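> Next comes model_12.cif, mmCIF, C-alpha atoms and all ligand atoms:
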```cif
data_final
#
loop_
_atom_site.label_atom_id
_atom_site.label_comp_id
_atom_site.auth_asym_id
_atom_site.auth_seq_id
_atom_site.Cartn_x
_atom_site.Cartn_y
_atom_site.Cartn_z
CA MET A 1 -32.77 -101.41 59.64
CA ILE A 2 -36.32 -101.23 60.88
CA ASP A 3 -36.65 -99.60 64.26
CA ARG A 4 -38.87 -101.99 66.22
CA ARG A 5 -39.86 -99.31 68.70
CA ALA A 6 -41.06 -97.01 65.90
CA LEU A 7 -43.06 -99.89 64.42
CA LEU A 8 -44.76 -100.60 67.72
CA ALA A 9 -45.47 -96.95 68.31
CA ALA A 10 -47.04 -96.44 64.87
CA PRO A 11 -50.54 -97.87 65.61
CA LEU A 12 -50.66 -95.97 68.87
CA ALA A 13 -49.71 -92.75 67.11
CA LEU A 14 -52.37 -93.44 64.47
CA ALA A 15 -55.06 -93.99 67.10
CA ALA A 16 -54.03 -90.80 68.88
CA CYS A 17 -54.18 -88.95 65.57
CA GLU A 18 -57.68 -90.25 64.88
CA ARG A 19 -58.83 -89.18 68.32
CA PHE A 20 -57.24 -85.78 67.76
CA ALA A 21 -58.88 -85.46 64.34
CA GLU A 22 -62.24 -86.44 65.82
CA ALA A 23 -61.89 -83.87 68.57
CA GLN A 24 -61.06 -81.24 65.95
CA THR A 25 -63.90 -82.10 63.55
CA PRO A 26 -66.12 -79.04 63.46
CA ALA A 27 -69.83 -79.53 64.12
CA ARG A 28 -71.73 -79.87 60.83
CA ALA A 29 -74.18 -77.05 60.18
CA VAL A 30 -77.54 -77.86 61.73
CA PRO A 31 -80.67 -75.85 62.43
CA GLY A 32 -81.29 -74.52 65.92
CA LEU A 33 -83.99 -76.70 67.49
CA LYS A 34 -85.88 -73.70 68.84
CA SER A 35 -86.06 -72.21 65.36
CA ILE A 36 -87.90 -75.19 63.86
CA THR A 37 -90.55 -75.64 66.55
CA PRO A 38 -93.64 -73.55 67.27
CA PHE A 39 -93.22 -74.22 71.02
CA PRO A 40 -90.28 -73.68 73.39
CA VAL A 41 -87.45 -76.20 73.42
CA GLY A 42 -85.74 -76.51 76.79
CA THR A 43 -82.78 -77.96 78.59
CA CYS A 44 -81.75 -78.24 82.21
CA ILE A 45 -79.04 -75.95 83.53
CA LYS A 46 -76.57 -75.85 86.41
CA SER A 47 -75.33 -72.38 87.23
CA ASN A 48 -71.68 -73.33 86.57
CA GLN A 49 -72.60 -74.01 82.94
CA ILE A 50 -73.02 -70.25 82.56
CA ASP A 51 -69.20 -70.14 82.85
CA ASP A 52 -68.75 -72.61 79.97
CA PRO A 53 -68.80 -70.64 76.68
CA ALA A 54 -69.31 -73.80 74.59
CA TRP A 55 -72.43 -74.66 76.62
CA VAL A 56 -73.72 -71.10 76.44
CA ASP A 57 -73.32 -71.08 72.62
CA LEU A 58 -75.06 -74.42 72.22
CA ALA A 59 -77.92 -73.43 74.54
CA GLY A 60 -78.25 -70.03 72.83
CA LYS A 61 -78.62 -71.72 69.47
CA HIS A 62 -81.02 -74.50 70.39
CA VAL A 63 -83.15 -73.69 73.43
CA SER A 64 -85.63 -71.06 74.55
CA GLN A 65 -86.46 -72.45 78.00
CA LEU A 66 -84.37 -73.51 81.00
CA THR A 67 -85.05 -75.78 83.97
CA PRO A 68 -82.61 -75.59 86.92
CA GLU A 69 -81.20 -79.12 87.22
CA TRP A 70 -80.89 -79.02 91.02
CA GLU A 71 -80.42 -75.50 92.39
CA MET A 72 -84.16 -74.79 92.70
CA LYS A 73 -84.67 -77.94 94.76
CA MET A 74 -85.07 -78.20 98.51
CA GLU A 75 -81.74 -80.04 98.76
CA TYR A 76 -80.06 -76.83 97.60
CA ILE A 77 -82.32 -74.12 98.99
CA LEU A 78 -82.49 -75.69 102.46
CA ALA A 79 -78.90 -77.01 102.55
CA ASP A 80 -78.22 -74.70 105.54
CA GLY A 81 -81.54 -75.43 107.25
CA LEU A 82 -85.13 -74.22 107.21
CA ASP A 83 -84.30 -70.79 108.58
CA ARG A 84 -81.49 -70.02 106.18
CA PRO A 85 -82.74 -70.56 102.63
CA ARG A 86 -80.10 -70.19 99.99
CA PHE A 87 -80.88 -68.59 96.63
CA ASP A 88 -77.53 -67.71 95.04
CA GLY A 89 -77.61 -70.56 92.48
CA PRO A 90 -81.24 -70.22 91.37
CA ASP A 91 -80.99 -66.39 91.33
CA ARG A 92 -78.01 -66.64 88.99
CA ILE A 93 -79.91 -68.97 86.68
CA ALA A 94 -82.99 -66.71 86.75
CA ALA A 95 -80.83 -63.69 85.85
CA PHE A 96 -79.18 -65.61 83.00
CA ALA A 97 -82.58 -66.68 81.61
CA ALA A 98 -83.87 -63.09 81.77
CA GLU A 99 -80.72 -61.71 80.13
CA ARG A 100 -80.99 -64.20 77.29
CA GLY A 101 -84.75 -63.87 76.85
CA MET A 102 -85.33 -67.51 77.74
CA ARG A 103 -88.33 -68.83 79.65
CA LEU A 104 -87.64 -70.35 83.05
CA HIS A 105 -89.43 -73.46 84.35
CA GLY A 106 -89.25 -73.92 88.13
CA HIS A 107 -88.21 -77.38 89.35
CA THR A 108 -89.32 -78.49 91.90
CA LEU A 109 -91.24 -77.39 95.00
CA ILE A 110 -92.30 -80.63 96.69
CA TRP A 111 -90.53 -83.95 96.04
CA TYR A 112 -90.77 -87.15 98.09
CA ALA A 113 -86.97 -87.52 97.86
CA GLN A 114 -86.18 -84.23 99.58
CA GLY A 115 -86.77 -82.22 102.73
CA GLU A 116 -87.15 -85.11 105.14
CA GLU A 117 -84.21 -84.05 107.27
CA ALA A 118 -85.00 -80.33 107.26
CA PHE A 119 -88.60 -80.99 108.36
CA ALA A 120 -87.86 -83.91 110.71
CA HIS A 121 -87.90 -82.09 114.07
CA LEU A 122 -91.23 -80.32 113.51
CA ASP A 123 -94.50 -81.23 115.20
CA ARG A 124 -97.60 -81.46 113.04
CA ALA A 125 -98.63 -77.80 113.26
CA ARG A 126 -95.13 -76.50 112.64
CA PHE A 127 -94.62 -78.99 109.81
CA THR A 128 -97.72 -77.68 108.03
CA ALA A 129 -96.72 -74.06 108.59
CA ALA A 130 -93.19 -74.72 107.30
CA PHE A 131 -94.57 -76.55 104.24
CA ASP A 132 -96.77 -73.56 103.41
CA ALA A 133 -93.98 -71.07 104.15
CA TYR A 134 -91.48 -72.88 101.94
CA ILE A 135 -93.79 -72.77 98.95
CA ALA A 136 -94.77 -69.14 99.63
CA THR A 137 -91.12 -68.08 99.91
CA VAL A 138 -89.75 -69.94 96.91
CA ALA A 139 -92.68 -69.57 94.49
CA GLY A 140 -93.09 -65.96 95.69
CA ARG A 141 -89.43 -65.11 95.06
CA TYR A 142 -89.61 -66.30 91.46
CA ARG A 143 -93.06 -64.91 90.70
CA GLY A 144 -92.90 -63.17 87.35
CA LYS A 145 -89.53 -64.84 86.67
CA VAL A 146 -90.72 -68.39 86.07
CA VAL A 147 -93.45 -69.22 83.62
CA SER A 148 -94.29 -72.50 85.35
CA TRP A 149 -93.48 -74.83 88.24
CA ASP A 150 -93.19 -78.55 88.81
CA VAL A 151 -95.21 -78.23 92.00
CA VAL A 152 -95.07 -81.89 92.98
CA ASN A 153 -92.47 -84.21 91.54
CA GLU A 154 -92.69 -88.01 91.26
CA PRO A 155 -95.73 -88.82 93.43
CA ILE A 156 -96.35 -92.32 91.98
CA THR A 157 -94.61 -95.55 93.11
CA ASP A 158 -92.21 -97.24 90.72
CA ALA A 159 -94.53 -100.21 90.35
CA GLY A 160 -97.30 -97.79 89.44
CA ASP A 161 -99.71 -99.28 91.97
CA GLY A 162 -100.43 -96.10 93.91
CA LEU A 163 -99.03 -93.01 95.54
CA ARG A 164 -95.71 -92.99 97.34
CA ASP A 165 -95.65 -93.04 101.07
CA CYS A 166 -93.36 -90.20 102.18
CA HIS A 167 -92.84 -87.57 104.90
CA TRP A 168 -95.25 -85.22 103.09
CA SER A 169 -98.03 -87.79 102.73
CA ARG A 170 -97.63 -89.03 106.31
CA ALA A 171 -98.15 -85.51 107.65
CA LEU A 172 -100.72 -84.13 105.19
CA GLY A 173 -102.42 -87.12 103.56
CA GLN A 174 -101.76 -88.92 100.29
CA ASP A 175 -103.72 -86.64 97.98
CA GLY A 176 -103.71 -84.01 100.75
CA TYR A 177 -100.09 -82.89 100.46
CA ILE A 178 -100.40 -82.66 96.69
CA ILE A 179 -103.59 -80.59 96.73
CA ARG A 180 -102.15 -78.33 99.42
CA ALA A 181 -98.94 -77.79 97.46
CA PHE A 182 -100.90 -76.74 94.36
CA GLU A 183 -103.07 -74.37 96.39
CA ARG A 184 -100.09 -72.75 98.10
CA ALA A 185 -98.22 -72.43 94.79
CA ARG A 186 -101.25 -70.78 93.20
CA ALA A 187 -101.49 -68.31 96.10
CA ALA A 188 -97.79 -67.43 95.78
CA ASP A 189 -97.76 -67.12 92.00
CA PRO A 190 -101.15 -66.58 90.38
CA ASP A 191 -99.75 -66.63 86.85
CA ALA A 192 -97.47 -69.67 86.75
CA VAL A 193 -98.65 -72.84 85.02
CA LEU A 194 -98.59 -75.49 87.73
CA PHE A 195 -97.41 -78.99 86.79
CA LEU A 196 -97.52 -82.46 88.25
CA ASN A 197 -94.37 -84.20 86.99
CA ASP A 198 -93.28 -87.86 86.97
CA TYR A 199 -91.11 -90.44 85.19
CA ASN A 200 -91.63 -93.84 83.53
CA LEU A 201 -95.11 -92.80 82.44
CA GLU A 202 -94.41 -94.10 78.91
CA ASN A 203 -92.09 -96.90 80.04
CA THR A 204 -94.51 -98.44 82.58
CA PRO A 205 -98.12 -98.24 81.35
CA ARG A 206 -99.52 -99.03 84.80
CA LYS A 207 -97.65 -96.07 86.26
CA GLY A 208 -98.87 -93.83 83.44
CA ALA A 209 -102.47 -94.84 84.16
CA THR A 210 -102.17 -94.29 87.93
CA PHE A 211 -100.58 -90.89 87.31
CA LEU A 212 -103.41 -89.79 84.99
CA LYS A 213 -106.00 -90.97 87.54
CA LEU A 214 -104.32 -88.76 90.11
CA VAL A 215 -104.43 -85.80 87.71
CA GLU A 216 -108.16 -86.40 87.22
CA ARG A 217 -108.74 -86.53 90.98
CA LEU A 218 -106.82 -83.28 91.44
CA MET A 219 -108.88 -81.58 88.76
CA LYS A 220 -112.12 -82.83 90.33
CA ALA A 221 -110.96 -81.62 93.74
CA GLY A 222 -110.48 -78.17 92.24
CA ALA A 223 -106.69 -78.14 92.70
CA PRO A 224 -105.13 -75.54 90.37
CA ILE A 225 -103.21 -78.03 88.27
CA GLY A 226 -102.39 -76.50 84.90
CA GLY A 227 -100.26 -79.09 83.16
CA ILE A 228 -98.86 -82.61 82.92
CA GLY A 229 -95.10 -83.12 83.04
CA SER A 230 -93.79 -86.33 81.56
CA GLN A 231 -90.09 -86.59 82.26
CA ALA A 232 -89.44 -89.10 79.45
CA HIS A 233 -86.26 -90.73 80.69
CA LEU A 234 -86.98 -93.21 77.91
CA ASP A 235 -86.35 -96.92 78.08
CA ILE A 236 -85.34 -97.68 74.49
CA GLU A 237 -86.50 -101.30 74.88
CA ILE A 238 -90.21 -100.53 75.15
CA PRO A 239 -92.46 -101.66 72.30
CA ALA A 240 -93.23 -99.25 69.48
CA GLY A 241 -96.54 -97.47 70.04
CA GLN A 242 -96.39 -97.38 73.83
CA ILE A 243 -95.15 -93.79 73.95
CA ARG A 244 -97.81 -92.60 71.51
CA THR A 245 -100.54 -94.30 73.56
CA PHE A 246 -99.47 -92.59 76.78
CA ILE A 247 -99.24 -89.15 75.19
CA ARG A 248 -102.71 -89.60 73.65
CA ASN A 249 -104.20 -90.71 76.97
CA ALA A 250 -102.57 -87.78 78.75
CA ALA A 251 -103.84 -85.35 76.12
CA SER A 252 -107.43 -86.56 76.64
CA LEU A 253 -107.48 -84.65 79.95
CA GLY A 254 -107.15 -81.40 78.01
CA LEU A 255 -104.14 -79.95 79.88
CA PRO A 256 -100.89 -78.70 78.32
CA ILE A 257 -98.13 -81.32 78.27
CA HIS A 258 -94.47 -80.72 79.04
CA ILE A 259 -91.92 -83.30 77.92
CA SER A 260 -89.83 -82.24 80.85
CA GLU A 261 -86.58 -84.28 81.07
CA LEU A 262 -85.99 -86.28 77.89
CA ASP A 263 -82.97 -88.54 77.69
CA ALA A 264 -82.59 -92.03 76.24
CA SER A 265 -79.77 -94.17 77.56
CA LEU A 266 -78.18 -96.75 75.26
CA ARG A 267 -77.27 -98.87 78.24
CA SER A 268 -79.07 -102.07 78.89
CA ASP A 269 -79.73 -103.93 82.12
CA ARG A 270 -79.59 -107.25 80.29
CA ARG A 271 -76.71 -109.30 81.56
CA VAL A 272 -75.80 -110.59 78.13
CA ASP A 273 -76.50 -108.15 75.36
CA LEU A 274 -75.13 -109.00 71.95
CA ARG A 275 -76.67 -106.11 70.09
CA SER A 276 -74.34 -103.70 68.34
CA ARG A 277 -74.16 -100.01 69.18
CA GLU A 278 -75.80 -99.34 65.81
CA GLN A 279 -78.76 -101.53 66.77
CA ARG A 280 -79.16 -99.69 70.02
CA LEU A 281 -78.91 -96.32 68.33
CA ALA A 282 -81.64 -97.42 65.92
CA GLN A 283 -83.86 -98.35 68.88
CA GLN A 284 -83.09 -95.05 70.59
CA THR A 285 -83.81 -92.88 67.58
CA GLY A 286 -86.97 -94.89 66.89
CA ARG A 287 -88.37 -94.21 70.37
CA VAL A 288 -87.26 -90.56 70.43
CA GLY A 289 -88.82 -90.08 66.98
CA GLU A 290 -92.07 -91.60 68.26
CA LEU A 291 -92.11 -89.24 71.24
CA VAL A 292 -91.47 -86.18 69.07
CA GLU A 293 -94.18 -87.18 66.58
CA ALA A 294 -96.69 -87.86 69.36
CA PHE A 295 -95.94 -84.42 70.80
CA MET A 296 -96.25 -82.77 67.38
CA ALA A 297 -99.64 -84.43 66.94
CA LEU A 298 -101.06 -82.58 69.97
CA PRO A 299 -103.18 -79.48 69.51
CA ALA A 300 -100.96 -76.39 69.67
CA SER A 301 -102.54 -75.30 72.97
CA GLN A 302 -101.40 -78.55 74.63
CA ARG A 303 -97.75 -78.33 73.54
CA PHE A 304 -96.25 -76.53 76.51
CA ALA A 305 -92.57 -77.23 75.84
CA PHE A 306 -90.15 -80.00 74.89
CA THR A 307 -87.19 -80.25 77.26
CA VAL A 308 -84.08 -82.42 77.08
CA TRP A 309 -82.31 -83.24 80.35
CA GLY A 310 -78.98 -81.85 79.18
CA LEU A 311 -77.50 -80.94 75.79
CA ARG A 312 -74.19 -82.84 75.60
CA ASP A 313 -73.86 -86.49 76.65
CA THR A 314 -71.19 -85.53 79.14
CA ASP A 315 -73.61 -83.08 80.82
CA SER A 316 -76.04 -85.91 81.61
CA TRP A 317 -76.70 -87.22 85.12
CA LEU A 318 -76.26 -90.65 83.47
CA ARG A 319 -72.62 -89.80 82.75
CA GLN A 320 -71.63 -88.66 86.25
CA GLY A 321 -69.53 -90.47 88.87
CA GLU A 322 -70.06 -94.19 89.22
CA ARG A 323 -72.87 -94.22 86.68
CA ASP A 324 -70.51 -93.10 83.90
CA ASP A 325 -69.52 -95.87 81.49
CA GLY A 326 -67.72 -93.34 79.28
CA GLN A 327 -69.83 -94.34 76.27
CA ASP A 328 -73.48 -93.69 76.85
CA GLN A 329 -75.08 -91.28 74.41
CA PRO A 330 -78.38 -90.28 76.00
CA LEU A 331 -78.61 -86.70 74.68
CA PRO A 332 -78.74 -84.84 71.34
CA PHE A 333 -75.09 -83.68 71.29
CA ASP A 334 -71.75 -85.34 71.94
CA ALA A 335 -69.08 -83.99 74.28
CA GLY A 336 -67.85 -81.60 71.57
CA GLY A 337 -71.32 -80.23 70.86
CA ARG A 338 -71.67 -82.18 67.60
CA PRO A 339 -75.11 -83.57 66.79
CA ASN A 340 -75.80 -87.22 67.70
CA PRO A 341 -78.25 -89.46 65.80
CA MET A 342 -80.78 -88.48 68.48
CA PHE A 343 -80.57 -84.86 67.33
CA ASP A 344 -81.36 -85.89 63.75
CA ALA A 345 -84.33 -87.94 64.97
CA MET A 346 -85.64 -84.88 66.80
CA VAL A 347 -85.24 -82.63 63.76
CA ALA A 348 -86.93 -85.22 61.52
CA GLY A 349 -89.89 -85.45 63.91
CA PHE A 350 -90.18 -81.69 64.40
CA THR A 351 -90.16 -81.00 60.66
CA LYS A 352 -92.25 -83.95 59.42
CA ARG A 353 -95.46 -82.91 57.69
CA ALA A 354 -98.59 -84.40 59.19
O1 LIG A 401 -79.99 -84.52 86.92
C1 LIG A 401 -80.20 -84.24 88.30
C2 LIG A 401 -78.95 -84.49 89.11
O2 LIG A 401 -77.92 -83.59 88.69
C3 LIG A 401 -79.24 -84.31 90.58
O3 LIG A 401 -78.10 -84.68 91.33
C4 LIG A 401 -80.42 -85.20 90.99
C5 LIG A 401 -80.83 -84.98 92.45
O4 LIG A 401 -81.21 -83.66 92.66
O5 LIG A 401 -81.55 -84.93 90.18
C6 LIG A 401 -81.34 -85.13 88.80
O6 LIG A 401 -82.49 -84.79 88.08
C7 LIG A 401 -83.65 -85.57 88.34
C8 LIG A 401 -84.84 -84.64 88.31
O7 LIG A 401 -84.67 -83.59 89.22
C9 LIG A 401 -86.13 -85.39 88.60
N1 LIG A 401 -86.26 -86.52 87.70
C10 LIG A 401 -85.13 -87.43 87.60
C11 LIG A 401 -83.87 -86.63 87.26
C12 LIG A 401 -82.69 -87.56 87.06
O8 LIG A 401 -82.37 -88.24 88.24
#
```
Let me see the file written as structure tokens.


Amino acid sequence: MIDRRALLAAPLALAACERFAEAQTPARAVPGLKSITPFPVGTCIKSNQIDDPAWVDLAGKHVSQLTPEWEMKMEYILADGLDRPRFDGPDRIAAFAAERGMRLHGHTLIWYAQGEEAFAHLDRARFTAAFDAYIATVAGRYRGKVVSWDVVNEPITDAGDGLRDCHWSRALGQDGYIIRAFERARAADPDAVLFLNDYNLENTPRKGATFLKLVERLMKAGAPIGGIGSQAHLDIEIPAGQIRTFIRNAASLGLPIHISELDASLRSDRRVDLRSREQRLAQQTGRVGELVEAFMALPASQRFAFTVWGLRDTDSWLRQGERDDGQDQPLPFDAGGRPNPMFDAMVAGFTKRA
């Protein structure tokens, strides 16, 4: 007699087996990204990832540059207040980078989103002194350890119609706080390449244009800006060609370019979206391929580095807490460190002959 319970359990057992088999599938042999590019390939890092051997192996194989994901930010360094800066996390990351022979990119000194509380009680003179002291202390501590800094992060409004109004700009002026930050960073670390960094520069052409106008103003004002950081949190819906146009316009200013935080979410804000996952993956790999090819087309002296904002999908900020839909695939590797279609698109772009 057929055991009904066994019959019902069979499909479940099969599904579990498939999941198990998938989890056990070894990663297919792929080249290390850093070994196929003539410029550094980077990822972001949180110090606890140093304790994850799978992450350390993957990073060791593919990247030659690291950006602290949050421990070099004011929110971390000033968590205990202005007078008690905290450096355990970023020091650990800096030591790891040095040990592994990887370059370290500092992120970030001045950001509209941070420091408001720590600086709130200060009158104008003290505010300015604390601003200068913060940059001197942090950029000074990592002098010779970082190769570069995101000196000012995300200065342009989301609409792209101008500069953000924030606690820094209210105290020191709209271009004023930015110029001052670059000058103080240069004084603290004469050798670091100093970047202005922002997002949606490819996604929102108006924002890209406003950002580049700011870069031009900074250069004219004699601010020691040394590079353009384009985060590249890509919107996979943007028309083909838009990414290439932004990268070309940016390159016309002559500065090195850092693709500083690449990820490409498959998620859509459309309320009804009937496209298959395959269709979305095709859009994603198309846009990532365009970005890689546009970067490859730059003169060698303008290719500073190409950084992804995490290696495995599950490392991504897009897969944390409430944001996590359990399915998004915004990064080159899956949870088990196996290459995603995005990885193949990167390799194809990096190895394509001009
Ligand atoms: O990925 C970062 C996340 O872990 C942090 O909680 C968050 C706030 O510090 O910042 C995220 O990284 C951002 C980066 O610093 C600047 N550009 C946008 C990134 C994604 O939000």

> Which is closer to ligand LIG 401 (chain A) than all the others in A:Asp158, A:Asp132, A:Glu71, A:Asp334, using only C-alpha atoms and all ligand atoms?

A:Glu71

> Report the distance between CA of Pro68 in chain A and atom C3 of ligand LIG 401 (chain A) in Å, rounded to one decimal place.

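Taking CA of Pro68 in chain A and atom C3 of ligand LIG 401 (chain A), their separation equals 10.0 Å.
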
> Do you know which residues are at most 8 Å from Val151 in chain A counting all atoms listed in the file, after dropping those on the same chain fewer than 5 positions away, and could you put them as a list in words?

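My reading of the contact set: His107, Thr108, Leu109, Ile110, Ala181, Phe182, Ala185, Leu194, Phe195, Leu196 and Asn197 of chain A.
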
> Any residue with an atom at most 6 Å from ligand LIG 401 (chain A) counts, using only C-alpha atoms and all ligand atoms. Which are they? Put them as a list in words.

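For ligand LIG 401 (chain A), the residues inside 6 Å are Glu69, Trp70 and Trp317 of chain A.
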
> Kindly export the residues of the current selection with C-alpha atoms, as a compact mmCIF listing (two decimals), in the coordinates of the input.


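Once everything was written out, this is again.txt:
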```txt
# COMPACT_ATOMS: atom_id res chain seq x y z
CA GLU A 69 -81.20 -79.12 87.22
CA TRP A 70 -80.89 -79.02 91.02
CA TRP A 317 -76.70 -87.22 85.12
```

> Find the residues around Pro90 in chain A up to 12 Å (only C-alpha atoms counted), leave out those fewer than 5 positions away in its own chain, and share them as a PyMOL selection string.

chain A and resi 45-48+66-74+76-77+85+95-97+104-108+138-139+141-142+145-146

> Rank nothing, just name the residue among A:Arg280, A:Thr314, A:Gly60, A:Gly349 nearest to Met102 in chain A, using only C-alpha atoms.

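Ranked by minimum distance to Met102 in chain A, first place goes to A:Gly60.
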
> Dump as a list in words all residues having an atom at most 10 Å from (-89.6, -82.3, 79.8), computed in the file's coordinates with only C-alpha atoms.

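Within the cut-off we find Val41, Gly42, Thr43, Cys44, Thr67, His105, Asn197, Asp198, Tyr199, Ile228, Gly229, Ser230, Gln231, Ala232, His233, Ile257, His258, Ile259, Ser260, Glu261, Leu262, Asp263, Phe304, Ala305, Phe306, Thr307, Val308 and Trp309 of chain A.
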
> Please compute the CA of Ala294 in chain A-CA of Ile247 in chain A distance, one decimal, in Å.

6.5 Å

> Could you check the closest approach to Arg319 in chain A for each of A:Ile236, A:Ala79, A:Ala335, A:Ala98 and tell me which residue wins, using all atoms listed in the file?

A:Ala335

> What is the CA of Gly101 in chain A to CA of Gly144 in chain A distance in Å?

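Distance reported for this atom pair: 13.3 Å.
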
> Which residues come within 12 Å of Cys166 in chain A, counting all atoms listed in the file, excluding same-chain residues fewer than 4 positions away, as number ranges by chain?

A: 110-116, 120, 154-157, 170-175, 177-178

> So, with only C-alpha atoms as the atoms that count, which of A:Ala188, A:Val292, A:Leu331, A:Leu58 lies closest to Thr37 in chain A?

A:Val292

> With all atoms listed in the file as the basis for distance, which of A:Ile93, A:Leu318, A:Ala54, A:Val215 is at the shortest distance from Val152 in chain A?

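Looking only at the distances to Val152 in chain A, the closest residue turns out to be A:Val215.
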